[in-house]
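Presented below is the structure to which this report refers.
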Amino acid sequence: MKKLTPSQWLEVAFWLTFAGLAYVFSFNFSRDIEMYKFGAAGWPRVIIFLIIAAALGQLIQLLLGRGVDARAVGTDTKISTVDVAGQHDTASMIRMGLTFVLPVVYASLLNYTGYYFTTPFFLAGYLYLIGERRAKWLVVVPCVIWVVLTILFTRFLYVGLPVGYWPGFYDFSNWLIVLIR
Amino acid sequence: MLEQLAGGALTLFSDPLSIGIFFAGLIGGMLFGAIPGVNMLTLGAIFLPFSGILSASDAIMFYSVLYCSGTYGGAVTAILFNIPGSPENAPTAFDGYPMTQQGQAGKAIGAAVLCSSLGGTCSVFIMIAFTPLLADWAIRAFGPPEIFALVFLGISVASSVGARTLWKGWLSVLLGLMVATVGLDPVAGIERYEFGFVYLLAGIHFIPLILGFFAVSEVFVQAERRVVGIYRMHAVSAKLPSLLEFWRLKIAVIRSVLLGFFAGILPGIGATLAAFLSYNEAVRWSRTPEKFGTGRLEGVVASETANNAATGAAMIPLLALGLPGGALTAMMIGVFQMHDMEPGPLVFINSSELVFVVFAAMFFANIAIFVLGYLEVKTVTQLLRIPFQFLAPAILLLSTIGAYAVRGLATDVLVMFAAGIIAFFLRRSGYSVAGIVLGVILGRLGEQNFAQAMQILSYDMGAFISRPIVALLIGAGVLTIAINVYRALKGTRRGLGVKD
């Protein structure tokens with residue numbers, strides 16, 4: 001019997017908790033359907049039980065020591081990812097965290113400030129986060145990407161992009177759309 | 001038959017307007033297929049109002065050509081940037097993008113070009129020869145029980161795509177199946193896991209998920225490498241695969257043509273499932289399944305051959321029975337109706353010229369994909385020379401527009417970025433994003449057909465399993481699961497390629 005690492009226990013616990021919660025929430029829609037015997041909850045519950053079975057299968061395989069070690073198999077790219085995970089210091093952890101947070105903030109702002117105003121700032125911010133420090137490129141690259149894709153989608157493909165509903169941003173977006181079209 | 005086909009070709013190329021429409025469909029499909037956020041359906045919808053002023057044969061021909069080239073178009077971005085232009089190109093990214101990472105982008109795109117062209121051309125010939133016969137058989141033989149059995153086989157193989165262990169493969173697929181249950185249930189429309197959010201009532205759309213799982217998570221992976229200072233640029237090569245390499249894959253090509261063609265005939269199955277099933281079968285029949293997901297040419301070949309083979313096949317129920325297999329063929333029904341025509345068996349008698357113009361146009365479209373695709377390999381692979389820090393914001397912005405354009409919802413963009421973050425950690429832990437996407441796509445189709453099958457058969461499992469095609473497909477699925485579990489428990493399995 002092999003001793004498991006905390007992250008391996010956590011992984012199994014995650015799946016069992018996920019399945020447990022999914023099962024509990026399935027009672028919200030566990031109603032009979034006149035034309036279908038298994039009801040609305042039948043299919044999700046089968047999947048939930050299979051998740052539990054697979055999570056336990058994973059646990060048993062790990063305990064028996066037959067789980068495949070992350071470094072022993074796979075591809076060059078996989079091994080390099082594992083290596084990357086071990087190379088973070090505090091500063092790089094914070095930067096990596098920000099590369100996750102910035103797109104989420106951007107997506108959250110789209111409805112309020114619109115695509116047309118927010119995008120250049122997002123692109124410049126992301127470029128900075130992934131290591132670009134030259135001021136010229138921090139201005140030129142976002143502007144070129146934004147101008148090319150905005151003209152392509154707004155002028156030629158007529159794709160409706162968020163204009164934002166906060167006063168000022170909405171007016172700016174509509175002014176720009178009229179200008180581009 | 002060949003005389004009629006030659007007649008169709010003559011009609012097509014004797015009129016400058018027809019030639020113009022042919023190339024508009026061809027190049028439009030390649031472009032719209034490659035740009036995330038728009039696809040061949042977008043162009044089809046834009047073109048629909050104008051199809052009324054064209055002749056019926058020109059209008060239908062445009063949509064046929066668009067179908068062929070649009071299905072191929074998305075392969076290029078799937079291979080170069082891990083951004084499938086359309087869902088049917090998603091399996092192409094499984095091995096195509098790792099090939100790009102290994103400096104073999106030219107080889108992957110070359111294979112996609114050749115196989116798309118080959119798959120499409122073969123399906124056109126089969127379509128010409130067997131349309132009435134096949135349409136009748138497929139529609140009669142494949143009901144909901146058979147489609148569910150087909151989905152079951154797909155799921156059973158999906159667990160072996162791209163995960164580090166069998167159990168992680170299964171957990172990935174099951175997570176995808178679970179995500180597919182969000183929204184209204186397919187039988188009575190009861191809300192499931194919507195937690196009071198109106199957004200979730202319509203379910204989580206798979207386009208933002210695909211963009212998040214593939215494109216956004218890849219940007220995060222590469223960004224991390226830059227942050228810790230170990231980023232390396234991909235080597236760039238426009239070298240095409242050799243004839244010998246293709247010859248070695250002949251069985252995979254034949255299998256994918258047949259599978260893609262067969263899936264394409266079935267209404268509602270279409271090119272997406274054809275590509276996934278074909279990829280799964282390539283894994284299942286391989287002597288080295290663990291290498292799939294790590295840059296196997298066979299993975300690209302299987303997916304691209306099948307999705308283009310499905311295009312010709314989808315025309316069979318449309319022309320012979322008037323049944324559309326997907327959104328684009330449904331638009332074609334609309335075009336027929338705009339010209340006061342009804343597709344169905346009589347179309348072969350009343351409008352045989354139109355039918356053979358369509359056949360000829362699809363044949364030449366597939367040939368043209370090969371020629372234009374060759375030029376594409378030599379040019380678009382140069383995009384990889386752009387430094388990552390300049391490419392990453394462009395990929396994120398393209399994905400953002402792509403996710404938003406599906407339904408005009410900023411929440412879809414949020415879902416895409418959330419999927420990207422989740423996929424980043426799942427990939428690191430050895431789970432398969434390909435498996436999750438497969439689960440999402442197969443889940444709804446599986447549940448809907450299972451429910452219909454049970455209702456049709458009055459919940460009689462004996463009657464269900466005694467249907468020959470069901471027994472064959474379920475048996476193959478169970479055998480696959482049993483072999484994989486046995487290998488996992490014996491510890492002989494050595495983990496399948498993890499798609500980083």
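In the structure tokens, each chain is lettered A, B, ... as it comes, each chain's residues begin at 1, and ligands are numbered from 1 in order of appearance.
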
Distance-based interface of chain B with chain A, 7 Å, counting only C-alpha atoms, as a VMD selection string: chain B and resid 165 167 170 to 171 174 178 181 185 188 190 to 192 223 to 228 294 389 to 390 393 to 394 405 410 413 to 414 417 421 428 447 455 489 491 494 to 498 500

Can you spit out the residues from that selection as a short mmCIF file (atom, residue, chain, number, x, y, z; two decimals), in the first residue's frame, using C-alpha atoms?
data_model
loop_
_atom_site.label_atom_id
_atom_site.label_comp_id
_atom_site.auth_asym_id
_atom_site.auth_seq_id
_atom_site.Cartn_x
_atom_site.Cartn_y
_atom_site.Cartn_z
CA THR B 165 -4.53 7.63 -16.27
CA TRP B 167 -9.51 7.08 -14.18
CA TRP B 170 -13.12 8.84 -17.17
CA LEU B 171 -13.41 11.69 -14.68
CA LEU B 174 -17.92 12.41 -16.80
CA MET B 178 -22.24 16.56 -16.04
CA THR B 181 -26.88 18.31 -17.87
CA ASP B 185 -33.78 18.61 -19.44
CA ALA B 188 -39.86 17.82 -20.26
CA ILE B 190 -37.32 20.89 -16.29
CA GLU B 191 -34.60 23.27 -15.02
CA ARG B 192 -31.47 21.48 -13.80
CA ALA B 223 2.24 32.81 -20.25
CA GLU B 224 3.37 30.80 -17.23
CA ARG B 225 6.47 29.70 -19.12
CA ARG B 226 7.26 33.32 -19.91
CA VAL B 227 6.62 34.38 -16.32
CA VAL B 228 9.10 31.83 -14.94
CA THR B 294 1.11 14.20 -28.21
CA GLN B 389 3.84 38.10 -26.34
CA PHE B 390 2.34 39.70 -29.47
CA PRO B 393 -3.31 39.19 -26.80
CA ALA B 394 -4.55 38.60 -30.36
CA ALA B 405 -20.62 36.44 -31.02
CA ALA B 410 -20.80 38.84 -22.10
CA VAL B 413 -16.90 35.45 -22.36
CA LEU B 414 -16.72 35.08 -18.58
CA PHE B 417 -12.11 32.62 -19.27
CA ILE B 421 -8.46 28.80 -15.84
CA ARG B 428 -1.51 20.27 -15.02
CA GLU B 447 -29.50 11.64 -22.96
CA GLN B 455 -40.09 5.62 -24.60
CA LEU B 489 -5.81 -2.51 -12.64
CA GLY B 491 -0.81 -1.46 -14.06
CA ARG B 494 1.30 3.68 -19.19
CA GLY B 495 -0.86 6.76 -19.32
CA LEU B 496 -2.05 8.41 -22.42
CA GLY B 497 -0.53 11.52 -23.82
CA VAL B 498 -1.36 14.57 -21.85
CA ASP B 500 -0.42 20.44 -22.51
#

Test item, strand (DSSP E) assignment across segment 107-313 of chain B, answer as a list of chain:residue names: B:Gly183, B:Leu184, B:Glu191, B:Arg192

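Counting only C-alpha atoms, the residue from B:Asn366, B:Asn82, B:Thr11, B:Gln101 that sits nearest to Thr121 of chain B is B:Asn366.
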
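Each of B:Ile441, B:Val347, B:Leu266, B:Ala313 was compared to Pro144 of chain B using only C-alpha atoms, and B:Leu266 turns out to be the nearest.
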
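Nearest to Phe261 of chain B of all the residues B:Gly7, B:Gly229, B:Gly373, B:Gly120 is B:Gly120, counting only C-alpha atoms.
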
Given only C-alpha atoms as the counted atoms, nearest of B:Phe370, B:Ile207, B:Leu397, B:Tyr279 to Phe121 of chain A: B:Leu397

Per-residue DSSP, segment 36-220 of chain B, filtered to alpha helix (DSSP H), as a VMD selection string: chain B and resid 40 to 51 56 to 81 90 to 101 105 to 141 144 to 158 166 to 180 198 to 201 206 to 210 217 to 220

Long-range neighbours of Asn174 of chain A as a list in words, 7 Å cut-off, only C-alpha atoms, 4 positions minimum in chain: Val163, Tyr170 and Val178 of chain A

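Of note, atom CA of Gly443 of chain B and atom CA of Leu277 of chain B are spaced 13.8 Å apart.
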
Neighbour list for Gly203 of chain B as a PyMOL selection string, cut-off 6 Å, only C-alpha atoms, skip fewer than 2 positions in-chain: chain B and resi 182-183+200-201

Skip Leu354 of chain B itself and residues of its chain fewer than 3 positions away, then list as an mmCIF file with C-alpha atoms, in the first residue's frame all residues within 10 Å of it, counting only C-alpha atoms.
data_model
loop_
_atom_site.group_PDB
_atom_site.id
_atom_site.type_symbol
_atom_site.label_atom_id
_atom_site.label_comp_id
_atom_site.auth_asym_id
_atom_site.auth_seq_id
_atom_site.Cartn_x
_atom_site.Cartn_y
_atom_site.Cartn_z
ATOM 1 C CA GLY B 8 -23.147 19.276 -64.228
ATOM 2 C CA THR B 11 -23.147 23.848 -66.579
ATOM 3 C CA LEU B 12 -21.129 25.027 -63.588
ATOM 4 C CA SER B 55 -30.977 30.625 -59.892
ATOM 5 C CA ALA B 56 -31.830 27.616 -57.740
ATOM 6 C CA SER B 57 -28.794 25.660 -58.909
ATOM 7 C CA ASP B 58 -26.384 28.567 -58.215
ATOM 8 C CA ILE B 60 -27.766 25.474 -53.746
ATOM 9 C CA MET B 61 -24.311 25.116 -55.282
ATOM 10 C CA VAL B 347 -35.806 16.221 -57.087
ATOM 11 C CA PHE B 348 -33.803 13.556 -58.946
ATOM 12 C CA ASN B 350 -37.682 16.997 -61.789
ATOM 13 C CA SER B 351 -34.364 18.770 -61.229
ATOM 14 C CA VAL B 357 -24.406 20.693 -60.593
ATOM 15 C CA VAL B 358 -24.287 20.274 -56.800
ATOM 16 C CA PHE B 359 -22.371 16.996 -57.099
ATOM 17 C CA ALA B 360 -19.903 18.539 -59.559
#

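Between atom CA of Ile210 of chain B and atom CA of Ser160 of chain B the interatomic distance comes to 18.9 Å.
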
All residues 12 Å or closer to Ile483 of chain B, only C-alpha atoms, same chain fewer than 4 positions away omitted, as a ChimeraX atom specification: /B:156-157,160,166,284,476-479,487-490,492-493

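The residue set within 7 Å of Gly110 of chain B, counting only C-alpha atoms and dropping same-chain residues fewer than 4 places from it, reads Gly106, Leu114, Leu240, Pro241, Tyr374 and Val377 of chain B.
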
Two-atom distance - atom CA of Ala310 of chain B, atom CA of Ala271 of chain B (Å): 5.2 Å
